[in-house]
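This report refers to the structure that appears directly beneath it.
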Amino acid sequence: MNQGNEGKQRSADPVLVTGASGFLGAALVKAMAGQRLVYALSRRPAIPGAEPLAVDLTRGEEVGRLLEAIPFATCIHAAALADPDLCETDPETAWRVNVEGTRHLLEVCQRRRKRFLFLSTDYVFDGRKQEPYIEEDPVCPLQVYGATKAEAEKLVLEIPQNLVIRLPFLFGYAPPPERTDFATDTLLRLWMEQPASYDNQQLRSPLLREEAAEAIRLMADSSLSGIIHLVPSETATKFDLARAFAHYLGKPAGLVREKKGEESGARARRPPSMRLSNEKFLQALSDRFRFRPLRDSIVRVAERFRSDAESSRRATGISTGQTSK
Ligand SMILES: NC(=O)c1ccc[n+]([C@@H]2O[C@H](COP(=O)([O-])OP(=O)(O)OC[C@H]3O[C@@H](n4cnc5c(N)ncnc54)[C@H](OP(=O)(O)O)[C@@H]3O)[C@@H](O)[C@H]2O)c1
């Protein structure tokens, strides 16, 4: 079928988003809720603009019962135990959520012939390859998180129409009641002029979560299948990002310090650097999507944070951003 026509035909189809209360899931719901019916699945209360569905994905029978009568056309599976350190300390839970939870959803989608998009991670690789990883490279995770996501990918790919989307490090502004993320936490520290140390060794390909959500929405309306790397070309360390945030907030660069190796404190091993080829993605969506420059994304996040922090300061007369959090 013609991909363009298929996109148009599907654009009004209802979609099921799992992990809807999460960092990316919330942005996905927002990106799609104005255009179609969105079923937002998580264990926590629903977010506005979507039909709420509450279930624990590790409970297979309940998942089957709940979803049997829901008229969705596509499932975007964003729910996961996505913190590599938590996965390392509790590998059983990581397996139950990331592998068994995915299996439970797949069973329903396969039975009801629904399209399935699985959000995976560049952590299925160890980062040791000199060239960018391509979709066909064998997986080689360094930690429990990557291993569980790689195992779930295998299950998803048993159905040829399904799509695995590998994502890089995501960032964005996540105001309360959302769970704070790297960027929001960093901006808050800078606003309060608290120094902090950041890794300056591990190169990542940071992607704005709203941009990721928009690209995923487009892929949900396409006939793409297999594996695809949704990764921008620009790279940066967390130190680079924190320094850029300091610059755009007008704070001293000295607040952002370089982390020494022994300061890490992380339980899960991280890939030294990580680059994924985005050639397949750029070819597939060349007529509909372009990555914005990283600098623009950083400015957008910093500006949104500053606007909230300044409103809060005006409202309370208190000179820190703490009240906005
Ligand atoms: N954030 C990143 O930088 C990044 C990078 C690469 C890939 N990814 C992938 O992108 C996806 C979204 O990540 P994220 O950062 O948005 O994660 P997140 O903020 O930690 O959100 C995880 C979501 O999963 C839900 N969830 C967890 N356990 C569940 C269970 N047992 N039953 C039902 N729902 C459950 C949580 O909802 P409740 O707690 O409300 O149930 C929450 O909505 C994940 O698949 C992750 O692997 C993320």
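By order of appearance in the structure tokens: chains A, B, ..., then residues from 1 within every chain, and ligands from 1 in the order shown.
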Practice task
Identify all residues of stretch 55-277 of chain A in helix (DSSP H, G or I) (DSSP on the backbone) and supply them as a ChimeraX atom specification.
Solution key: /A:60-67,84-89,91-111,122-124,144-156,182-191,209-220,238-249,253-255,261-263
Atoms to include: C-alpha atoms. Write the selected residues as a short mmCIF file (atom, residue, chain, number, x, y, z; two decimals), in the first residue's frame.
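See out19.cif below for the written result:
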```cif
data_model
loop_
_atom_site.label_atom_id
_atom_site.label_comp_id
_atom_site.auth_asym_id
_atom_site.auth_seq_id
_atom_site.Cartn_x
_atom_site.Cartn_y
_atom_site.Cartn_z
CA GLY A 60 -0.91 -10.78 32.05
CA GLU A 61 -4.52 -11.83 32.62
CA GLU A 62 -5.57 -8.35 33.72
CA VAL A 63 -3.84 -6.80 30.71
CA GLY A 64 -5.67 -9.21 28.38
CA ARG A 65 -9.04 -8.56 30.03
CA LEU A 66 -8.67 -4.79 30.01
CA LEU A 67 -7.49 -4.44 26.41
CA PRO A 84 19.51 1.46 34.35
CA ASP A 85 20.60 1.64 38.02
CA LEU A 86 17.21 0.43 39.30
CA CYS A 87 17.28 -2.41 36.77
CA GLU A 88 20.74 -3.40 38.01
CA THR A 89 19.65 -3.53 41.66
CA PRO A 91 16.92 -7.46 37.77
CA GLU A 92 13.83 -9.59 38.48
CA THR A 93 11.50 -6.62 38.38
CA ALA A 94 13.33 -5.28 35.32
CA TRP A 95 12.71 -8.60 33.56
CA ARG A 96 9.06 -8.76 34.65
CA VAL A 97 8.27 -5.21 33.46
CA ASN A 98 10.49 -4.93 30.39
CA VAL A 99 10.23 -8.46 28.99
CA GLU A 100 7.10 -10.08 30.48
CA GLY A 101 5.11 -6.82 30.35
CA THR A 102 5.98 -6.49 26.66
CA ARG A 103 5.02 -10.12 26.06
CA HIS A 104 1.59 -9.57 27.65
CA LEU A 105 0.87 -6.60 25.39
CA LEU A 106 2.16 -8.43 22.33
CA GLU A 107 -0.19 -11.33 22.98
CA VAL A 108 -3.20 -9.02 22.87
CA CYS A 109 -1.93 -7.12 19.82
CA GLN A 110 -1.12 -10.29 17.91
CA ARG A 111 -4.49 -11.85 18.69
CA ASP A 122 20.74 2.60 22.25
CA TYR A 123 21.83 0.78 25.45
CA VAL A 124 21.26 -2.52 23.60
CA VAL A 144 20.53 -5.46 32.89
CA TYR A 145 18.45 -2.61 31.43
CA GLY A 146 19.92 -3.04 27.94
CA ALA A 147 19.67 -6.84 28.18
CA THR A 148 15.96 -6.74 29.06
CA LYS A 149 15.21 -4.27 26.26
CA ALA A 150 17.18 -6.43 23.79
CA GLU A 151 15.19 -9.49 24.86
CA ALA A 152 11.91 -7.60 24.43
CA GLU A 153 13.02 -6.45 20.96
CA LYS A 154 13.37 -10.11 19.95
CA LEU A 155 9.77 -10.83 20.99
CA VAL A 156 8.48 -7.76 19.15
CA PHE A 182 18.35 15.43 33.94
CA ALA A 183 17.61 18.75 32.24
CA THR A 184 15.00 19.97 34.74
CA ASP A 185 17.17 18.96 37.68
CA THR A 186 20.21 20.69 36.16
CA LEU A 187 18.27 23.89 35.41
CA LEU A 188 16.92 24.00 38.94
CA ARG A 189 20.39 23.60 40.45
CA LEU A 190 21.76 26.33 38.20
CA TRP A 191 18.86 28.64 39.01
CA ARG A 209 11.45 14.50 24.05
CA GLU A 210 8.84 16.55 22.15
CA GLU A 211 10.84 15.97 18.98
CA ALA A 212 11.02 12.24 19.71
CA ALA A 213 7.24 12.20 20.28
CA GLU A 214 6.56 13.95 16.96
CA ALA A 215 8.77 11.51 15.02
CA ILE A 216 7.15 8.52 16.76
CA ARG A 217 3.71 9.89 15.88
CA LEU A 218 4.73 10.04 12.22
CA MET A 219 6.11 6.52 12.35
CA ALA A 220 2.90 5.24 13.95
CA LYS A 238 26.03 15.87 29.98
CA PHE A 239 28.74 18.39 30.92
CA ASP A 240 28.29 20.12 27.52
CA LEU A 241 24.52 20.29 28.05
CA ALA A 242 24.82 21.62 31.60
CA ARG A 243 27.32 24.29 30.48
CA ALA A 244 24.94 25.32 27.68
CA PHE A 245 22.04 25.58 30.16
CA ALA A 246 24.22 27.75 32.44
CA HIS A 247 24.97 30.01 29.49
CA TYR A 248 21.31 30.46 28.51
CA LEU A 249 20.24 31.09 32.11
CA ALA A 253 30.02 28.45 33.95
CA GLY A 254 31.94 27.47 37.12
CA LEU A 255 28.74 26.04 38.64
CA GLY A 261 35.81 8.93 37.25
CA GLU A 262 35.60 7.91 40.90
CA GLU A 263 32.59 10.21 41.53
#
```
### Message
Around ligand 1, which protein and nucleic acid residues have at least one atom no more than 8 Å from it, if we count only C-alpha atoms and all ligand atoms? List them as JSON, numbers by chain.
### Response
{"A": [18, 19, 20, 21, 22, 23, 24, 25, 26, 41, 42, 43, 44, 45, 54, 55, 56, 57, 58, 77, 78, 79, 80, 81, 82, 83, 96, 97, 98, 101, 118, 119, 120, 121, 122, 123, 149, 166, 167, 168, 169, 170, 171, 179]}
Residue selection dump (N, CA and C atoms) as a short mmCIF file (atom, residue, chain, number, x, y, z; two decimals), in the first residue's frame:
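Produced file selection-v7.cif, reproduced below:
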```cif
data_model
loop_
_atom_site.label_atom_id
_atom_site.label_comp_id
_atom_site.auth_asym_id
_atom_site.auth_seq_id
_atom_site.Cartn_x
_atom_site.Cartn_y
_atom_site.Cartn_z
N THR A 18 1.29 3.12 26.12
CA THR A 18 1.63 2.64 27.47
C THR A 18 2.74 3.54 28.03
N GLY A 19 2.88 3.54 29.35
CA GLY A 19 3.88 4.43 29.96
C GLY A 19 3.46 5.88 29.81
N ALA A 20 2.13 6.11 29.73
CA ALA A 20 1.62 7.44 29.42
C ALA A 20 1.92 8.46 30.51
N SER A 21 2.19 8.00 31.72
CA SER A 21 2.50 8.95 32.80
C SER A 21 4.00 9.24 32.85
N GLY A 22 4.78 8.62 31.97
CA GLY A 22 6.24 8.76 32.03
C GLY A 22 6.75 9.97 31.26
N PHE A 23 8.05 10.12 31.27
CA PHE A 23 8.72 11.29 30.68
C PHE A 23 8.40 11.40 29.18
N LEU A 24 8.55 10.32 28.45
CA LEU A 24 8.26 10.34 27.01
C LEU A 24 6.78 10.11 26.74
N GLY A 25 6.18 9.19 27.51
CA GLY A 25 4.77 8.86 27.27
C GLY A 25 3.88 10.10 27.37
N ALA A 26 4.15 10.97 28.34
CA ALA A 26 3.33 12.18 28.50
C ALA A 26 3.43 13.06 27.26
N LEU A 41 -2.27 4.39 29.02
CA LEU A 41 -2.14 3.31 30.01
C LEU A 41 -0.93 3.53 30.92
N SER A 42 -1.19 3.42 32.23
CA SER A 42 -0.10 3.43 33.22
C SER A 42 -0.70 2.94 34.53
N ARG A 43 0.11 2.90 35.58
CA ARG A 43 -0.48 2.53 36.87
C ARG A 43 -0.94 3.76 37.63
N ARG A 44 -0.33 4.91 37.35
CA ARG A 44 -0.70 6.15 38.04
C ARG A 44 -1.90 6.80 37.36
N PRO A 45 -2.52 7.81 38.01
CA PRO A 45 -3.69 8.46 37.41
C PRO A 45 -3.37 9.04 36.03
N ALA A 54 -5.86 1.95 33.61
CA ALA A 54 -4.89 1.64 34.67
C ALA A 54 -4.71 0.14 34.79
N VAL A 55 -3.49 -0.31 34.61
CA VAL A 55 -3.19 -1.73 34.81
C VAL A 55 -1.68 -1.89 35.00
N ASP A 56 -1.33 -2.93 35.74
CA ASP A 56 0.09 -3.28 35.89
C ASP A 56 0.42 -4.28 34.79
N LEU A 57 1.34 -3.92 33.93
CA LEU A 57 1.63 -4.75 32.75
C LEU A 57 2.23 -6.11 33.10
N THR A 58 2.69 -6.26 34.34
CA THR A 58 3.26 -7.57 34.72
C THR A 58 2.14 -8.59 34.98
N HIS A 77 4.33 1.22 22.74
CA HIS A 77 4.69 0.68 24.06
C HIS A 77 5.91 1.43 24.63
N ALA A 78 5.61 2.42 25.49
CA ALA A 78 6.68 3.22 26.10
C ALA A 78 6.93 2.82 27.54
N ALA A 79 6.03 2.02 28.14
CA ALA A 79 6.21 1.67 29.56
C ALA A 79 7.45 0.80 29.74
N ALA A 80 8.18 1.05 30.79
CA ALA A 80 9.38 0.26 31.07
C ALA A 80 9.90 0.61 32.45
N LEU A 81 10.73 -0.27 32.99
CA LEU A 81 11.60 0.13 34.09
C LEU A 81 12.83 0.68 33.37
N ALA A 82 12.87 2.02 33.24
CA ALA A 82 13.81 2.63 32.31
C ALA A 82 15.05 3.21 32.99
N ASP A 83 15.18 3.02 34.30
CA ASP A 83 16.36 3.53 35.01
C ASP A 83 17.40 2.40 35.09
N ARG A 96 10.53 -8.63 34.65
CA ARG A 96 9.06 -8.76 34.65
C ARG A 96 8.41 -7.59 33.90
N VAL A 97 8.89 -6.38 34.13
CA VAL A 97 8.27 -5.21 33.46
C VAL A 97 8.69 -5.15 31.99
N ASN A 98 9.99 -5.22 31.75
CA ASN A 98 10.49 -4.93 30.39
C ASN A 98 10.29 -6.09 29.41
N GLY A 101 6.13 -7.84 30.63
CA GLY A 101 5.11 -6.82 30.35
C GLY A 101 4.93 -6.63 28.85
N PHE A 118 7.51 -0.57 19.50
CA PHE A 118 8.21 -0.76 20.77
C PHE A 118 9.32 0.28 20.90
N LEU A 119 9.32 1.01 22.02
CA LEU A 119 10.36 2.02 22.22
C LEU A 119 11.53 1.38 22.96
N SER A 120 12.64 1.30 22.25
CA SER A 120 13.82 0.67 22.81
C SER A 120 14.93 1.71 22.99
N THR A 121 16.14 1.25 23.14
CA THR A 121 17.22 2.14 23.58
C THR A 121 18.54 1.83 22.88
N ASP A 122 19.39 2.84 22.80
CA ASP A 122 20.74 2.60 22.25
C ASP A 122 21.59 1.77 23.24
N TYR A 123 21.09 1.59 24.47
CA TYR A 123 21.83 0.78 25.45
C TYR A 123 21.77 -0.73 25.13
N LYS A 149 15.78 -4.93 27.44
CA LYS A 149 15.21 -4.27 26.26
C LYS A 149 15.55 -5.07 25.00
N ARG A 166 14.70 2.52 18.31
CA ARG A 166 15.77 2.71 19.31
C ARG A 166 16.01 4.21 19.51
N LEU A 167 15.97 4.61 20.77
CA LEU A 167 16.09 6.02 21.13
C LEU A 167 17.40 6.29 21.84
N PRO A 168 17.91 7.52 21.72
CA PRO A 168 19.10 7.92 22.48
C PRO A 168 18.68 8.55 23.81
N PHE A 169 19.60 9.22 24.45
CA PHE A 169 19.34 9.98 25.68
C PHE A 169 18.33 11.11 25.37
N LEU A 170 17.21 11.08 26.10
CA LEU A 170 16.17 12.09 25.87
C LEU A 170 16.27 13.19 26.93
N PHE A 171 15.95 14.41 26.55
CA PHE A 171 15.91 15.47 27.55
C PHE A 171 14.74 16.40 27.26
N ARG A 179 7.85 13.57 36.78
CA ARG A 179 9.09 13.14 37.41
C ARG A 179 10.23 13.99 36.85
#
```
Next item on the list: Would you list the contacts of stretch 227-230 of chain A as a list of chain:residue names, taking every protein, DNA or RNA residue within 7 Å and counting only C-alpha atoms, but skipping same-chain residues closer than 4 positions in sequence?
Entry: A:Glu135, A:Leu163, A:Val164, A:Ile165, A:Arg166, A:Leu167, A:Leu276, A:Ser277, A:Asn278, A:Lys280, A:Phe281
Selection file, C-alpha atoms, as a short mmCIF file (atom, residue, chain, number, x, y, z; two decimals), in the first residue's frame:
```cif
data_model
loop_
_atom_site.label_atom_id
_atom_site.label_comp_id
_atom_site.auth_asym_id
_atom_site.auth_seq_id
_atom_site.Cartn_x
_atom_site.Cartn_y
_atom_site.Cartn_z
CA GLU A 135 20.09 -1.43 12.75
CA LEU A 163 8.43 -1.71 14.64
CA VAL A 164 11.28 -1.32 17.16
CA ILE A 165 12.37 2.31 17.61
CA ARG A 166 15.77 2.71 19.31
CA LEU A 167 16.09 6.02 21.13
CA LEU A 276 23.80 5.18 16.12
CA SER A 277 23.39 5.59 12.39
CA ASN A 278 20.22 7.52 11.52
CA LYS A 280 17.45 4.62 7.60
CA PHE A 281 15.28 7.00 9.63
#
```
So that I can see what lies close to A:Thr74, please list as a list in words the residues with an atom at most 8 Å from it, counting only C-alpha atoms and leaving out residues fewer than 5 positions away in the same chain.
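Close residues of A:Thr74: Asp13, Pro14, Val15, Leu16, Lys114, Arg115, Phe116, Leu117 and Ala220 of chain A.
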Save out the residues we just selected, C-alpha atoms, as a compact mmCIF listing (two decimals), in the first residue's frame.
```txt
# COMPACT_ATOMS: atom_id res chain seq x y z
CA ASP A 13 -7.25 5.82 14.24
CA PRO A 14 -7.28 5.45 18.02
CA VAL A 15 -3.92 4.70 19.59
CA LEU A 16 -2.91 3.01 22.83
CA LYS A 114 -2.93 -4.51 16.04
CA ARG A 115 0.19 -2.68 14.96
CA PHE A 116 2.88 -2.58 17.67
CA LEU A 117 5.63 0.02 18.10
CA ALA A 220 2.90 5.24 13.95
```
**Message:** Could you check the closest approach to A:Phe291 for each of A:Pro206, A:Arg113, A:Glu193, A:Ser222 and tell me which residue wins, using only C-alpha atoms?
**Reply:**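 Checking each of A:Pro206, A:Arg113, A:Glu193, A:Ser222 against A:Phe291, counting only C-alpha atoms, the winner is A:Pro206.
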- [ ] Identify which of the residues A:Ile134, A:Leu285, A:Thr180, A:Asp199 lies closest to A:Ser223, counting only C-alpha atoms when measuring atom-to-atom distances.
- [x]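 Checking each of A:Ile134, A:Leu285, A:Thr180, A:Asp199 against A:Ser223, counting only C-alpha atoms, the winner is A:Leu285.
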Using only C-alpha atoms, the residue out of A:Glu136, A:Asp221, A:Asp90, A:Glu158 with shortest distance to A:Ala73 is A:Asp221
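Going from atom CA of A:Val139 to atom CA of A:Leu282 covers 21.8 Å.
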| task | Check stretch 70-236 of chain A with DSSP on the backbone and list each residue it calls strand (DSSP E), as number ranges by chain. | result | A: 74-77, 115-121, 163-167, 170-171, 196-198, 207-208, 226-229
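Taking atom CA of A:Phe305 as the reference point, atom CA of A:Pro177 is found at 14.3 Å.
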Pairwise distance, atom CA of A:Ala196 with atom CA of A:Glu258, equals 8.4 Å
